[in-house]
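Listing of target_3.cif, mmCIF, C-alpha atoms
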data_model
#
loop_
_atom_site.group_PDB
_atom_site.id
_atom_site.type_symbol
_atom_site.label_atom_id
_atom_site.label_comp_id
_atom_site.auth_asym_id
_atom_site.auth_seq_id
_atom_site.Cartn_x
_atom_site.Cartn_y
_atom_site.Cartn_z
ATOM 1 C CA MET A 30 8.297 -9.564 -0.191
ATOM 2 C CA ARG A 31 11.956 -9.072 0.640
ATOM 3 C CA ARG A 32 12.199 -6.270 -1.913
ATOM 4 C CA ASP A 33 9.170 -4.550 -0.365
ATOM 5 C CA PHE A 34 10.749 -4.958 3.071
ATOM 6 C CA ASP A 35 14.036 -3.409 1.989
ATOM 7 C CA THR A 36 12.409 -0.475 0.175
ATOM 8 C CA SER A 37 9.984 0.409 3.003
ATOM 9 C CA LEU A 38 12.511 0.616 5.866
ATOM 10 C CA GLY A 39 11.261 -2.716 7.128
ATOM 11 C CA GLY A 40 7.589 -1.825 6.965
ATOM 12 C CA ALA A 41 7.802 1.490 8.835
ATOM 13 C CA PRO A 42 8.406 4.003 6.033
ATOM 14 C CA ARG A 43 7.286 7.084 7.948
ATOM 15 C CA VAL A 44 7.759 8.424 11.449
ATOM 16 C CA GLU A 45 6.938 12.113 11.689
ATOM 17 C CA LEU A 46 6.245 14.607 14.452
ATOM 18 C CA LEU A 47 3.287 16.895 13.769
ATOM 19 C CA ASP A 48 2.249 20.079 15.553
ATOM 20 C CA GLY A 49 1.249 19.598 19.163
ATOM 21 C CA GLY A 50 3.685 16.789 19.874
ATOM 22 C CA ILE A 51 1.616 14.270 17.892
ATOM 23 C CA ALA A 52 3.519 11.547 16.050
ATOM 24 C CA VAL A 53 2.497 9.708 12.885
ATOM 25 C CA LEU A 54 3.768 6.171 12.335
ATOM 26 C CA GLU A 55 2.964 4.592 8.975
ATOM 27 C CA LEU A 56 3.071 0.796 8.789
ATOM 28 C CA ALA A 57 3.158 -0.252 5.122
ATOM 29 C CA PRO A 58 2.991 -2.000 2.741
ATOM 30 C CA MET A 59 2.481 -4.897 5.163
ATOM 31 C CA LEU A 60 3.345 -6.242 8.587
ATOM 32 C CA PHE A 61 6.337 -8.334 7.587
ATOM 33 C CA PRO A 62 7.357 -11.583 9.337
ATOM 34 C CA LEU A 63 8.427 -10.742 12.854
ATOM 35 C CA GLU A 64 11.864 -12.319 12.473
ATOM 36 C CA TRP A 65 12.531 -9.643 9.843
ATOM 37 C CA ALA A 66 10.497 -6.774 11.232
ATOM 38 C CA ALA A 67 11.105 -6.771 14.991
ATOM 39 C CA GLU A 68 14.129 -4.484 14.754
ATOM 40 C CA PRO A 69 12.673 -1.775 12.456
ATOM 41 C CA LEU A 70 9.230 -1.885 14.106
ATOM 42 C CA GLY A 71 10.762 -1.687 17.570
ATOM 43 C CA ALA A 72 12.971 1.235 16.538
ATOM 44 C CA ALA A 73 10.059 3.158 14.997
ATOM 45 C CA LEU A 74 7.743 2.526 17.948
ATOM 46 C CA THR A 75 10.458 3.480 20.443
ATOM 47 C CA LEU A 76 11.055 6.731 18.566
ATOM 48 C CA ALA A 77 7.326 7.504 18.623
ATOM 49 C CA SER A 78 7.000 6.597 22.306
ATOM 50 C CA ARG A 79 7.914 10.116 23.430
ATOM 51 C CA ALA A 80 5.012 11.737 21.575
ATOM 52 C CA GLN A 81 2.012 13.182 23.408
ATOM 53 C CA ALA A 82 -0.345 11.316 21.062
ATOM 54 C CA LEU A 83 0.172 8.799 18.266
ATOM 55 C CA ILE A 84 -1.488 8.212 14.899
ATOM 56 C CA VAL A 85 -0.829 4.766 13.366
ATOM 57 C CA ASP A 86 -1.438 4.843 9.615
ATOM 58 C CA LEU A 87 -2.652 1.510 8.179
ATOM 59 C CA ARG A 88 -4.303 2.935 5.054
ATOM 60 C CA ALA A 89 -1.865 1.244 2.661
ATOM 61 C CA ASN A 90 -1.253 -1.912 4.699
ATOM 62 C CA ARG A 91 -2.359 -5.125 2.982
ATOM 63 C CA GLY A 92 -1.808 -7.567 5.868
ATOM 64 C CA GLY A 93 0.980 -9.819 7.051
ATOM 65 C CA ASP A 94 2.121 -11.629 10.173
ATOM 66 C CA PRO A 95 -0.147 -11.959 13.262
ATOM 67 C CA ASP A 96 2.970 -12.141 15.438
ATOM 68 C CA SER A 97 3.884 -8.665 14.197
ATOM 69 C CA VAL A 98 0.395 -7.491 15.153
ATOM 70 C CA ALA A 99 0.989 -8.665 18.714
ATOM 71 C CA PHE A 100 4.443 -7.075 18.705
ATOM 72 C CA VAL A 101 3.057 -3.665 17.698
ATOM 73 C CA CYS A 102 0.213 -3.922 20.225
ATOM 74 C CA SER A 103 2.774 -4.618 22.941
ATOM 75 C CA TYR A 104 4.150 -1.084 22.562
ATOM 76 C CA LEU A 105 0.666 0.437 22.784
ATOM 77 C CA LEU A 106 -0.519 -1.331 25.952
ATOM 78 C CA ASP A 107 0.737 -1.317 29.536
ATOM 79 C CA GLU A 108 0.409 -5.000 30.381
ATOM 80 C CA ARG A 109 0.149 -8.427 28.784
ATOM 81 C CA THR A 110 -3.245 -8.616 27.079
ATOM 82 C CA HIS A 111 -5.210 -11.301 25.225
ATOM 83 C CA LEU A 112 -5.669 -10.009 21.663
ATOM 84 C CA ASN A 113 -7.170 -12.778 19.534
ATOM 85 C CA THR A 114 -7.827 -16.521 19.333
ATOM 86 C CA MET A 115 -7.567 -18.571 16.153
ATOM 87 C CA HIS A 116 -9.851 -21.598 15.919
ATOM 88 C CA TRP A 117 -8.418 -24.000 13.353
ATOM 89 C CA ARG A 118 -10.500 -26.263 11.148
ATOM 90 C CA GLY A 119 -11.457 -29.501 12.867
ATOM 91 C CA GLY A 120 -12.293 -27.758 16.132
ATOM 92 C CA GLU A 121 -9.602 -29.473 18.172
ATOM 93 C CA ARG A 122 -6.916 -26.791 18.142
ATOM 94 C CA THR A 123 -6.952 -23.147 19.114
ATOM 95 C CA GLU A 124 -4.123 -20.647 19.248
ATOM 96 C CA GLN A 125 -4.223 -17.509 21.398
ATOM 97 C CA SER A 126 -2.398 -14.300 20.583
ATOM 98 C CA TRP A 127 -1.201 -12.097 23.461
ATOM 99 C CA SER A 128 0.781 -8.900 23.670
ATOM 100 C CA LEU A 129 4.289 -9.318 25.064
ATOM 101 C CA PRO A 130 5.165 -8.725 28.726
ATOM 102 C CA HIS A 131 8.410 -7.019 27.690
ATOM 103 C CA VAL A 132 9.527 -5.162 24.562
ATOM 104 C CA PRO A 133 12.898 -4.021 23.253
ATOM 105 C CA GLY A 134 12.892 -0.258 23.609
ATOM 106 C CA ALA A 135 10.338 2.108 25.125
ATOM 107 C CA ARG A 136 6.564 1.679 25.084
ATOM 108 C CA PHE A 137 4.161 4.409 23.998
ATOM 109 C CA GLY A 138 1.956 2.836 26.632
ATOM 110 C CA GLY A 139 -1.719 2.359 27.222
ATOM 111 C CA SER A 140 -2.898 5.784 28.392
ATOM 112 C CA LYS A 141 -1.889 8.458 25.884
ATOM 113 C CA PRO A 142 -4.249 9.232 22.960
ATOM 114 C CA LEU A 143 -4.003 6.740 20.083
ATOM 115 C CA TYR A 144 -5.628 6.933 16.654
ATOM 116 C CA VAL A 145 -5.537 4.388 13.820
ATOM 117 C CA LEU A 146 -6.138 5.336 10.180
ATOM 118 C CA THR A 147 -7.898 2.825 7.940
ATOM 119 C CA SER A 148 -8.966 2.639 4.304
ATOM 120 C CA GLU A 149 -10.888 0.264 2.073
ATOM 121 C CA SER A 150 -7.472 -1.188 1.149
ATOM 122 C CA SER A 151 -6.497 -2.118 4.736
ATOM 123 C CA PHE A 152 -6.628 -5.904 4.920
ATOM 124 C CA SER A 153 -6.017 -9.030 6.984
ATOM 125 C CA ALA A 154 -3.378 -8.489 9.695
ATOM 126 C CA ALA A 155 -3.741 -4.711 9.366
ATOM 127 C CA GLU A 156 -7.427 -5.176 10.093
ATOM 128 C CA GLU A 157 -6.611 -7.319 13.117
ATOM 129 C CA LEU A 158 -4.335 -4.615 14.501
ATOM 130 C CA ALA A 159 -7.063 -1.992 14.101
ATOM 131 C CA TYR A 160 -9.819 -4.289 15.410
ATOM 132 C CA ASP A 161 -7.861 -5.520 18.443
ATOM 133 C CA LEU A 162 -7.069 -1.971 19.563
ATOM 134 C CA GLN A 163 -10.624 -0.818 18.905
ATOM 135 C CA GLN A 164 -12.231 -3.670 20.855
ATOM 136 C CA LEU A 165 -9.907 -3.063 23.792
ATOM 137 C CA GLY A 166 -11.014 0.579 23.820
ATOM 138 C CA ARG A 167 -7.398 1.567 23.277
ATOM 139 C CA ALA A 168 -7.638 3.403 19.938
ATOM 140 C CA VAL A 169 -10.031 5.558 17.968
ATOM 141 C CA LEU A 170 -10.301 4.379 14.348
ATOM 142 C CA VAL A 171 -10.551 7.113 11.728
ATOM 143 C CA GLY A 172 -11.166 6.617 8.002
ATOM 144 C CA GLU A 173 -12.925 4.029 5.855
ATOM 145 C CA ARG A 174 -14.354 0.563 6.441
ATOM 146 C CA THR A 175 -11.683 -2.053 5.719
ATOM 147 C CA ARG A 176 -11.834 -4.948 3.231
ATOM 148 C CA GLY A 177 -12.995 -7.690 5.597
ATOM 149 C CA GLY A 178 -10.478 -10.551 5.637
ATOM 150 C CA ALA A 179 -10.358 -12.249 9.053
ATOM 151 C CA HIS A 180 -10.091 -15.954 8.145
ATOM 152 C CA PRO A 181 -6.816 -17.474 6.899
ATOM 153 C CA CYS A 182 -7.303 -19.296 3.598
ATOM 154 C CA LYS A 183 -5.540 -21.830 1.416
ATOM 155 C CA GLY A 184 -5.866 -22.294 -2.324
ATOM 156 C CA TRP A 185 -6.206 -25.602 -4.171
ATOM 157 C CA THR A 186 -5.854 -25.968 -7.930
ATOM 158 C CA VAL A 187 -8.819 -28.013 -9.133
ATOM 159 C CA HIS A 188 -8.356 -27.293 -12.853
ATOM 160 C CA PRO A 189 -5.536 -25.708 -14.866
ATOM 161 C CA HIS A 190 -7.599 -22.513 -14.975
ATOM 162 C CA LEU A 191 -9.408 -22.694 -11.637
ATOM 163 C CA GLU A 192 -8.348 -22.416 -7.996
ATOM 164 C CA VAL A 193 -10.640 -22.882 -4.989
ATOM 165 C CA THR A 194 -9.816 -20.821 -1.910
ATOM 166 C CA VAL A 195 -11.155 -22.232 1.371
ATOM 167 C CA PRO A 196 -10.860 -20.812 4.898
ATOM 168 C CA PHE A 197 -9.126 -23.151 7.350
ATOM 169 C CA GLY A 198 -9.327 -21.025 10.489
ATOM 170 C CA ARG A 199 -11.545 -18.489 12.235
ATOM 171 C CA ALA A 200 -10.436 -15.507 14.281
ATOM 172 C CA VAL A 201 -12.402 -14.788 17.470
ATOM 173 C CA ASN A 202 -11.816 -11.583 19.400
ATOM 174 C CA PRO A 203 -11.979 -12.112 23.198
ATOM 175 C CA VAL A 204 -13.945 -8.887 23.718
ATOM 176 C CA SER A 205 -16.521 -9.013 20.911
ATOM 177 C CA GLY A 206 -16.644 -12.785 20.438
ATOM 178 C CA ALA A 207 -16.697 -12.061 16.710
ATOM 179 C CA ASN A 208 -14.441 -10.739 13.950
ATOM 180 C CA TRP A 209 -14.435 -8.580 10.812
ATOM 181 C CA GLU A 210 -14.763 -11.301 8.141
ATOM 182 C CA GLY A 211 -16.835 -10.050 5.191
ATOM 183 C CA VAL A 212 -17.917 -6.847 6.939
ATOM 184 C CA GLY A 213 -14.628 -5.085 7.522
ATOM 185 C CA VAL A 214 -13.587 -3.061 10.532
ATOM 186 C CA GLN A 215 -15.928 -0.134 11.065
ATOM 187 C CA PRO A 216 -14.183 3.156 11.928
ATOM 188 C CA ASP A 217 -15.285 5.137 14.961
ATOM 189 C CA VAL A 218 -14.953 8.340 12.933
ATOM 190 C CA PRO A 219 -15.942 7.619 9.310
ATOM 191 C CA CYS A 220 -14.390 9.820 6.642
ATOM 192 C CA ALA A 221 -12.555 9.534 3.334
ATOM 193 C CA ALA A 222 -9.146 7.928 3.728
ATOM 194 C CA ALA A 223 -7.486 10.972 2.171
ATOM 195 C CA GLU A 224 -8.954 13.152 4.937
ATOM 196 C CA SER A 225 -8.322 10.808 7.846
ATOM 197 C CA LEU A 226 -4.884 12.083 8.875
ATOM 198 C CA ASP A 227 -6.075 15.668 9.179
ATOM 199 C CA ARG A 228 -9.173 14.494 11.053
ATOM 200 C CA ALA A 229 -7.164 12.370 13.493
ATOM 201 C CA HIS A 230 -4.661 15.187 14.032
ATOM 202 C CA ALA A 231 -7.494 17.590 14.855
ATOM 203 C CA LEU A 232 -9.060 15.066 17.250
ATOM 204 C CA ALA A 233 -5.729 14.535 19.007
ATOM 205 C CA LEU A 234 -5.096 18.264 19.371
ATOM 206 C CA ALA A 235 -8.572 18.772 20.826
ATOM 207 C CA ARG A 236 -8.158 15.916 23.284
ATOM 208 C CA LEU A 237 -4.764 17.143 24.452
ATOM 209 C CA ALA A 238 -6.100 20.672 24.830
ATOM 210 C CA GLY A 239 -9.014 19.381 26.881
#
How does the structure come out when it is put into structure tokens?
Amino acid sequence: MRRDFDTSLGGAPRVELLDGGIAVLELAPMLFPLEWAAEPLGAALTLASRAQALIVDLRANRGGDPDSVAFVCSYLLDERTHLNTMHWRGGERTEQSWSLPHVPGARFGGSKPLYVLTSESSFSAAEELAYDLQQLGRAVLVGERTRGGAHPCKGWTVHPHLEVTVPFGRAVNPVSGANWEGVGVQPDVPCAAAESLDRAHALALARLAG
């Protein structure tokens, strides 16, 4: 994981300005632990904050840290917002996730056009980021249905050649009352992942022109 972190600029390998003042921010290959990733994520999001519209690319993101999800969302919203609640096995403990009231650097904010690119490889925490923003009505999702991993799991070795993986928690979105387990996150604008950047760019240009 540390090697992936070091070779991906801390999980933000691409920040680019496209025609029309539209920025692309790729978050890959995962959302690394926040104690590692806060500085590079904050720097990338601050750089993109001046764009007229933003495209967040999660097509190659395989998951990661829920705290990093909340950190990224904090730059894309205007105020502290309830994002998700984890219900842990046993039913006695829940854990809410909220965006932060303050961030280091500048926010992109909650009003400018925002698009999120997804693929069938987007998984876990990447799916939460896409789903949270979609359910809040903050982002338009463009691309493919994601893999469908909402519940944290643990593995137990029951035989030298067999491991049983069992969920021990359940994510519940405060808007939908549900999650994306087994069904994936459904894009608002379905298309092949390879075409999603061009599609999102065109949508952003049209919205800004309108």
Atom CA of Ala155 of chain A to atom CA of Thr75 of chain A: how many Å, to one decimal?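 Distance reported for this atom pair: 19.8 Å.
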Explicit residues for the PyMOL selection byres ((chain A and resi 209-219) around 9) (as number ranges by chain): A: 145-147, 149, 152, 156-157, 159-160, 163, 169-180, 199-200, 207-208, 220-222, 225, 228-229
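Residue nearest Asp107 of chain A, chosen from A:Val132, A:Ile51, A:Ala82, A:Leu46 and counting only C-alpha atoms: A:Val132.
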Can you list what the PyMOL selection byres ((chain A and resi 89) around 8) grabs from this structure, as a list in words? Leu56, Ala57, Pro58, Met59, Asp86, Leu87, Arg88, Asn90, Arg91, Ser148, Ser150 and Ser151 of chain A
So which residues touch Val44 of chain A within 10 Å, counting all atoms listed in the file, skipping near sequence neighbours fewer than 2 positions away, as a list in words?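 Within the cut-off, the hits are Ala41, Pro42, Leu46, Leu47, Ala52, Val53, Leu54, Glu55, Leu56, Ala73, Leu74, Leu76, Ala77, Ile84 and Val85 of chain A.
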Tell me which residues the PyMOL selection byres ((chain A and resi 131) around 9) grabs here, as a compact mmCIF listing (two decimals) with C-alpha atoms, in the coordinates of the input.
# COMPACT_ATOMS: atom_id res chain seq x y z
CA SER A 103 2.77 -4.62 22.94
CA TYR A 104 4.15 -1.08 22.56
CA GLU A 108 0.41 -5.00 30.38
CA ARG A 109 0.15 -8.43 28.78
CA SER A 128 0.78 -8.90 23.67
CA LEU A 129 4.29 -9.32 25.06
CA PRO A 130 5.16 -8.72 28.73
CA VAL A 132 9.53 -5.16 24.56
CA PRO A 133 12.90 -4.02 23.25
Suppose you want the space between atom CA of Gln125 of chain A and atom CA of Gly92 of chain A; what is it in Å? 18.6 Å
May I ask for the distance between atom CA of Asp48 of chain A and atom CA of Pro142 of chain A, given in Å to one decimal place?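 According to the coordinates, atom CA of Asp48 of chain A and atom CA of Pro142 of chain A are separated by 14.7 Å.
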Can you pull out every residue within 10 Å of Asp96 of chain A, counting only C-alpha atoms, but drop anything in the same chain fewer than 5 positions away, and send it as a PyMOL selection string? chain A and resi 60-64+67+101-102+126-128+154
So which one's closest to Asn113 of chain A, A:Glu45, A:Asp161, A:Asp94, A:Glu68? Using all atoms listed in the file, please.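 Of the candidates, the smallest distance to Asn113 of chain A is held by A:Asp161.
Residue nearest Val204 of chain A, chosen from A:Gly184, A:Gly138, A:Gly166, A:Gly239 and counting all atoms listed in the file: A:Gly166.
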I'd like to know which of A:Thr36, A:Met30, A:Gln81, A:Leu234 is closest to Ser140 of chain A, using all atoms listed in the file.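 When distances to Ser140 of chain A are compared using all atoms listed in the file, the smallest one comes from A:Gln81.
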Residue among A:Val193, A:Leu162, A:Ala99, A:Val201 lying closest to Trp117 of chain A, counting only C-alpha atoms: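 Closest residue, counting only C-alpha atoms: A:Val201.
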